[in-house]
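Colleague: Handing you this structure, nothing more for now.
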Amino acid sequence: MRILVTNDDGIHAEGLAVLERIAAQLSDDVWVVAPETDQSGVAHSLSLSNPLRLREIGEKRYAVQGTPTDCVIMAVRSILADAKPDLVLSGVNRGQNVAEDVTYSGTIAAAMEGTLLGIPSIAVSQAYTPGDRSKISWDCAEQHAPSIIRKLLEEGIPKDILFNLNFPNIPPAEVKGVAVTVQGRRDQELVRLEPRQDGRGNPYFWIAFQRSKRDPANGTDLRALAEGKISLTPLELDLTHEPTLTRFAQVFA
C-alpha cells in the first residue's frame with residue numbers, strides 16, 4: 001500500500017513526524033509531501049496566483065511552497081504520477097479539528113482533496129489544553145491511530161467520504177473508546193477580535209476564541225472528546241441539503 005502523508009502545520013511539525021510513524025506501521029511505502037511553512041486555517045484553498053515551488057528534503061520527503069491542497073495535487077499529479085497513493089493521511093494536526101473547525105482546517109482540506117481525486121483519505125488531529133501547546137499527548141494518536149485506520153480500510157471507505165479522526169488530550173491508557181460522531185456546533189459568540197496597536201500606533205487585530213461553558217450535544221465530536229473518547233466523523237463532499245433542494249425546486253417550478 002502506497003501512503004501519502006501531508007499536513008497543514010508544515011514540513012517540520014512534530015505532528016507530521018508522528019503521522020509518519022503511524023503510516024510506517026501500515027506500510028513500507030510512505031511518501032511525505034507537506035507545506036514548507038505553517039498553513040493552518042487556509043481551508044481548501046489553492047495557490048492560483050503564485051507558482052508552486054517544490055523542494056526535495058530527503059528520500060520520499062518533499063516540501064511545497066503552497067497549501068495542503070496544493071501538496072496533495074503536487075503529490076498525485078507529479079511526484080507519484082506513476083502510481084497514485086492508495087491512502088492519504090493528513091495530520092497529525094496540533095489541536096482538534098471538530099465542529100466548525102472542519103470548514104477552516106487545512107488538515108481536513110488535504111483529506112478532502114485526496115477524496116476528490118478518488119483516494120481514501122483520513123484527517124487526524126490531536127487535542128490539547130488551550131493555552132498550553134507544550135503538553136500535547138501525541139502518544140494518544142500514535143498508539144491508537146494505526147488500529148483505527150486498519151479497521152476503516154478493512155471495512156472500506158465509501159466513495160466521496162472522508163474520515164475526520166480526533167484524539168482526546170489524555171494518555172493512551174485513559175481513552176474510553178471510539179465514538180462515531182456527527183459534526184458538532186459551537187456558539188459563535190465565542191469568536192472575538194482582540195484590538196491592538198503596533199509601535200507606530202496603527203491598529204491591528206487578532207482573531208481569538210473563548211472557551212465554551214456549555215455542554216456539547218450528545219453524539220457530537222465535541223462531546224466525544226469531552227468524555228475522553230476518540231471521535232470518528234464521516235464527512236461527505238456533497239454539501240447539497242436535499243430537503244431544501246426539493247422545497248425550492250417546487251417554489252421555482
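Just so we're on the same page: first chain in the C-alpha cells is A, next is B, and so on; residues restart at 1 for each chain, and ligands are numbered from 1 in the order they show up.
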Taking only stretch 33-234 of chain A into account, list the residues labelled helix (DSSP H, G or I) by DSSP (computed from the backbone), as a VMD selection string.
Modeller: chain A and resid 68 to 79 101 to 104 106 to 116 138 to 155 172 to 174 188 to 190 221 to 226
Colleague: May I have the residues within 7 Å of A:Asp9 as a list in words, using only C-alpha atoms and disregarding those fewer than 6 positions away in the same chain?
Modeller: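 Surrounding residues, per the criterion: Asp38, Gln39, Ser40 and Asn93 of chain A.
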Colleague: With only C-alpha atoms counted and 12 Å as the cut-off, give the residues of stretch 42-86 of chain A in contact with stretch 22-29 of chain A, each with its shortest interatomic distance in Å and the pair that gives it, as a tab-separated table.
Modeller:
residue	atom	partner	partner_atom	distance
A:Glu59	CA	A:Asp29	CA	11.1
A:Lys60	CA	A:Asp29	CA	8.8
A:Arg61	CA	A:Asp29	CA	11.7
A:Leu80	CA	A:Asp29	CA	11.5
A:Ala83	CA	A:Asp29	CA	11.5
A:Lys84	CA	A:Asp29	CA	11.7
A:Pro85	CA	A:Asp29	CA	9.4
A:Asp86	CA	A:Asp29	CA	10.2
Colleague: To test your reading of the structure, identify every residue in stretch 85-238 of chain A that backbone DSSP assigns to strand (DSSP E), and report it as number ranges by chain.
Modeller: A: 87-94, 121-126, 161-167, 178-180, 191-197, 203-209, 230-236
Colleague: Nearest to A:Leu87: which of A:Glu142, A:Gly66, A:Ile73, A:Met1 is it, counting only C-alpha atoms?
Modeller: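 Smallest separation from A:Leu87 among the options: A:Met1.
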Colleague: Just give me the gap between atom CA of A:Ile119 and atom CA of A:Val98 in Å, one decimal is fine.
Modeller: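 Computing it gives 22.1 Å between the two atoms.
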Colleague: Quick one: contact table of stretch 90-115 of chain A to stretch 12-16 of chain A, 12 Å max, nearest atom pair and distance in Å to one decimal per residue, counting only C-alpha atoms, chain and number order, as CSV?
Modeller:
residue,atom,partner,partner_atom,distance
A:Ser90,CA,A:Leu16,CA,8.3
A:Gly91,CA,A:Leu16,CA,5.9
A:Val92,CA,A:Gly15,CA,4.5
A:Asn93,CA,A:Gly15,CA,6.0
A:Arg94,CA,A:Gly15,CA,6.4
A:Gly95,CA,A:Gly15,CA,9.8
A:Thr107,CA,A:Leu16,CA,11.0
Colleague: When distances are computed from only C-alpha atoms, which of A:Arg223, A:Ala249, A:Gln126, A:Gly131 shows the smallest separation from A:Ala208?
Modeller: A:Gly131
Colleague: How many Å separate atom CA of A:Asn7 from atom CA of A:Cys71?
Modeller: 8.8 Å
Colleague: Near stretch 166-170 of chain A, within 8 Å and counting only C-alpha atoms, which residues show up once chain neighbours fewer than 2 positions away are dropped, as an MDAnalysis selection string?
Modeller: chainID A and resid 96:98 124:129 136:137 140:141 164 172 174:175 225:226 228:232
Colleague: Put those residues in a file: N, CA and C atoms, as a compact mmCIF listing (two decimals), in the first residue's frame.
Modeller:
# COMPACT_ATOMS: atom_id res chain seq x y z
N GLN A 96 -7.36 19.93 18.04
CA GLN A 96 -8.52 19.23 17.49
C GLN A 96 -9.09 19.96 16.28
N ASN A 97 -9.72 19.19 15.41
CA ASN A 97 -10.46 19.74 14.26
C ASN A 97 -11.86 19.18 14.33
N VAL A 98 -12.72 19.86 15.06
CA VAL A 98 -14.09 19.40 15.27
C VAL A 98 -15.04 20.58 15.03
N VAL A 124 -6.32 13.44 10.65
CA VAL A 124 -6.01 13.03 12.02
C VAL A 124 -5.58 14.25 12.83
N SER A 125 -6.19 14.43 14.00
CA SER A 125 -5.87 15.59 14.84
C SER A 125 -5.77 15.17 16.30
N GLN A 126 -4.91 15.89 17.04
CA GLN A 126 -4.69 15.60 18.45
C GLN A 126 -5.05 16.84 19.27
N ALA A 127 -6.04 16.68 20.15
CA ALA A 127 -6.46 17.79 21.00
C ALA A 127 -5.39 18.09 22.06
N TYR A 128 -5.39 19.34 22.52
CA TYR A 128 -4.53 19.72 23.64
C TYR A 128 -5.25 20.77 24.47
N THR A 129 -4.76 21.01 25.66
CA THR A 129 -5.36 22.00 26.55
C THR A 129 -5.12 23.40 26.00
N ILE A 136 1.31 18.33 24.60
CA ILE A 136 0.39 17.65 23.70
C ILE A 136 0.62 16.14 23.78
N SER A 137 -0.46 15.40 23.98
CA SER A 137 -0.35 13.95 24.15
C SER A 137 -0.27 13.24 22.81
N CYS A 140 -1.13 9.58 22.34
CA CYS A 140 -2.52 9.10 22.26
C CYS A 140 -2.85 8.77 20.80
N ALA A 141 -2.58 9.71 19.90
CA ALA A 141 -2.82 9.46 18.48
C ALA A 141 -1.91 8.36 17.96
N ASN A 164 -12.83 12.10 9.60
CA ASN A 164 -12.19 13.07 10.48
C ASN A 164 -11.98 12.41 11.83
N PRO A 172 -2.84 7.55 26.44
CA PRO A 172 -3.49 6.47 25.67
C PRO A 172 -4.29 5.50 26.52
N GLU A 174 -6.00 5.99 29.09
CA GLU A 174 -7.22 6.56 29.67
C GLU A 174 -8.33 6.76 28.64
N VAL A 175 -8.07 6.43 27.39
CA VAL A 175 -9.09 6.58 26.35
C VAL A 175 -10.26 5.64 26.62
N LEU A 225 -14.83 14.03 22.62
CA LEU A 225 -13.56 14.44 23.18
C LEU A 225 -13.70 14.84 24.65
N ALA A 226 -14.80 15.52 24.98
CA ALA A 226 -15.04 15.94 26.36
C ALA A 226 -15.17 14.73 27.29
N GLY A 228 -13.49 11.94 26.88
CA GLY A 228 -12.28 11.13 26.81
C GLY A 228 -12.33 10.03 25.78
N LYS A 229 -13.15 10.23 24.75
CA LYS A 229 -13.26 9.23 23.68
C LYS A 229 -12.61 9.75 22.40
N ILE A 230 -12.21 8.82 21.56
CA ILE A 230 -11.74 9.17 20.22
C ILE A 230 -12.97 9.45 19.35
N SER A 231 -12.93 10.55 18.61
CA SER A 231 -14.05 10.91 17.74
C SER A 231 -13.74 10.55 16.30
N LEU A 232 -14.65 9.83 15.67
CA LEU A 232 -14.52 9.45 14.26
C LEU A 232 -15.76 9.93 13.52
Colleague: When you count only C-alpha atoms, which of these residues is closest to A:Leu237: A:Pro158, A:Pro130, A:Gly106, A:Pro195?
Modeller: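 The shortest atom-to-atom distance to A:Leu237 comes from A:Pro158.
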Colleague: So which one's closest to A:Glu113, A:Gly199, A:Gly184, A:Pro68, A:Gly58? Using only C-alpha atoms, please.
Modeller: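 Comparing A:Gly199, A:Gly184, A:Pro68, A:Gly58 against A:Glu113, the winner is A:Pro68.
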Colleague: Which residues, written as a count of residues only, have at least one atom at most 10 Å from A:Gly219, with only C-alpha atoms counted and residues fewer than 2 positions away on the same chain left out?
Modeller: 13
Colleague: So which residues touch A:Leu48 within 12 Å, counting only C-alpha atoms, skipping near sequence neighbours fewer than 4 positions away, as an MDAnalysis selection string?
Modeller: chainID A and resid 52 66:67 69:70
Colleague: For atom CA of A:Ile3 and atom CA of A:Val18, quote the distance in Å rounded to one decimal.
Modeller: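 So the answer is 14.4 Å.
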Colleague: Let me make sure I understand: among A:Leu19, A:Ile11, A:Ala110, A:Val88, which one has the smallest atom-to-atom distance to A:Val42 if we use only C-alpha atoms?
Modeller: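 Between A:Leu19, A:Ile11, A:Ala110, A:Val88, the residue approaching A:Val42 most closely is A:Ala110.
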Colleague: Which residue out of A:Arg185, A:Pro234, A:Pro146, A:Gln65 has the minimum interatomic distance to A:Lys159 when only C-alpha atoms are used?
Modeller: A:Pro234
Colleague: What's around A:Leu54 at 12 Å? Count only C-alpha atoms, leave out sequence neighbours fewer than 3 positions away in its own chain, and write the answer as a VMD selection string.
Modeller: chain A and resid 33 to 36 51 57 61 to 66 70 to 71 74 to 75 78 to 79
